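Asker: For reference, the structure I am asking about is given below.
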Amino acid sequence: MVSEQYRAMLGGKSVIRILSEFATKRGEEIGYDNVFDYSLGNPSVPVPEEFTECMIEMLKNSDPCSLHGYSPSLGIPSVRAAIAASLNERFGMNYGPEHIFMASGAAGALAHAYRAVTKPGDEILTFAPYFPEYNPYVNLTGAVLKVVPPDTESFQINFDAFEEMLGEKVMAVLINSPNNPSGIVYSEETILRLADILRKKEQEYGHDIFIISDEPYREIVFAGVKAPYVSRYYANTISCYSYSKSLSLPGERIGYVAVNPACPDAEVIVNMCGQISRGIGHNCPPSIIQLAVAKVLDKTADLSVYETNMNLLYDCLTGLGFTCVKPGGTFYIFPKALEEDAKIFCEKALKYDLILVPGDTFGCPGYFRMAYCIETEKVERSLAALRKFVAAEYG
Ligand code: PLP
């Protein structure tokens, strides 16, 4: 007998992946250049050259047995130290290597964080709109993911709903800013208020409530927007970082967990991560990739294209009458659909070869996501298709 639990998941495949596969198929018919594929958050700008050069240099000159050998279970010590130093310099923290655990991307980092602070039956709260993979990520730990409904005016936190849902079983609050799918960056005011509420509830319930801060888009922030470093505001913060988007390295599966040194259990949590890895098999991320990212810690891919694309889309969409909160970062925008059912709206858009993702999948029906990590030239061409779509279907 195969596992019923995983067999059941076959019926609930990722809507984003299904749309992305559809776009690829459509591309085979009409040429992928003519498909305005806004489905998948796959970076469209190359990794910095320094990363590639560093990889070549290591492949040519380093001892292959150590270069391709197992990493220590918590990560390579020099890499952990370099990450701690870089975070301290950038965000005024005081991490040591003992607060850093190397993981396979944000997904890997989150898989450890959930398990470190919850047991089966505990609750984790997150906020709509949210990254849909949080469902399988959390469900398979035995903890229960509960979703706080959105504040669609701003896509900051809906505090009334949050406080109502913040019961005694909640052991962690999972946030993601800059946010996929809204593109919104939580303001300092939002984070201060969140931290304040959690500290009070920790006192009231007599147990820790952790913030798990999912930060793969931390570096993708647009002009005039400040993205506060969440851990500065709350001691029990576990930051989950990934180089997938900032360095355009999603295929290399590299990131880390950073536990705030002010968290009383910080070092224990990091050491526990090494044990969690043994169970879930997300262990020992590739040594060569750890060493290479450590050489480019303060670099990013050329992320400016995302802001260019955002401005093009934002201006066009608002000009067409869409309601849309302006993104402060990421490569996503999340406008309100022009009819109540965003699934129908997105289905109609397919006729114009516009691949849009309905907000239902992000816990926010009536909206849709566009992932504009595509060439600017294609974004420009897509605007005509958008205008045609809106005029024909909603004119
Ligand atoms: N969290 C969010 C909000 C994401 O958007 C993604 C990927 O798109 C992930 C986590 C997973 O990132 P990674 O590729 O680093 O595992």
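Every chain in the structure tokens has a letter given in the order shown (A, B, ...), and although residue numbers restart at 1 in each chain, ligands are simply numbered from 1 in the order shown.
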What does the list of residues within 10 Å of ligand 1 look like if you count only C-alpha atoms and all ligand atoms, written as a count of residues only?
Answerer: 50
Asker: Please, which residues of region 136-319 of chain A, numbered as in this document, come out strand (DSSP E) from DSSP, as a list of chain:residue names?
Answerer: A:Val144, A:Leu145, A:Lys146, A:Val147, A:Val148, A:Val170, A:Met171, A:Ala172, A:Val173, A:Leu174, A:Ile175, A:Phe210, A:Ile211, A:Ile212, A:Ser213, A:Asp214, A:Thr237, A:Ile238, A:Ser239, A:Cys240, A:Tyr241, A:Ser242, A:Gly255, A:Tyr256, A:Val257, A:Ala258, A:Val259
Asker: Write the residues of the preceding selection, restricted to C-alpha atoms, as a compact mmCIF listing (two decimals), in the first residue's frame.
Answerer:
# COMPACT_ATOMS: atom_id res chain seq x y z
CA VAL A 144 -2.03 23.31 12.13
CA LEU A 145 -1.78 26.34 9.84
CA LYS A 146 -4.49 28.94 10.46
CA VAL A 147 -4.88 31.89 8.14
CA VAL A 148 -5.79 35.37 9.35
CA VAL A 170 -0.58 29.37 18.82
CA MET A 171 3.14 28.73 19.16
CA ALA A 172 4.34 30.63 16.12
CA VAL A 173 3.31 33.42 13.78
CA LEU A 174 4.59 33.08 10.24
CA ILE A 175 5.13 36.34 8.39
CA PHE A 210 7.83 32.73 17.98
CA ILE A 211 7.86 34.89 14.91
CA ILE A 212 9.01 32.84 11.96
CA SER A 213 10.01 35.47 9.44
CA ASP A 214 10.15 34.15 5.89
CA THR A 237 12.41 35.62 16.03
CA ILE A 238 13.62 32.93 13.68
CA SER A 239 14.57 34.47 10.33
CA CYS A 240 14.42 32.15 7.35
CA TYR A 241 16.46 33.45 4.45
CA SER A 242 17.12 32.27 0.94
CA GLY A 255 19.59 29.70 2.51
CA TYR A 256 19.78 29.74 6.27
CA VAL A 257 18.00 29.99 9.60
CA ALA A 258 19.15 32.86 11.83
CA VAL A 259 17.90 32.81 15.42
Asker: Take CA of Glu204 (chain A) and CA of Cys273 (chain A) and report the distance between them in Å, one decimal.
Answerer: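 Distance reported for this atom pair: 28.1 Å.
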Asker: In Å to one decimal, how far is CA of Ser382 (chain A) from CA of Met310 (chain A)?
Answerer: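 Taking CA of Met310 (chain A) as the start and CA of Ser382 (chain A) as the end point, the length is 12.8 Å.
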Asker: Tell me which protein, DNA and RNA residues are within 10 Å of region 343-351 of chain A, counting only C-alpha atoms, leaving out same-chain ones fewer than 2 positions away, and put them as an NGL selection string.
Answerer: :A and (19 or 22-23 or 26 or 35-37 or 337-341 or 353-361 or 365-369 or 385-386 or 388-390 or 393)
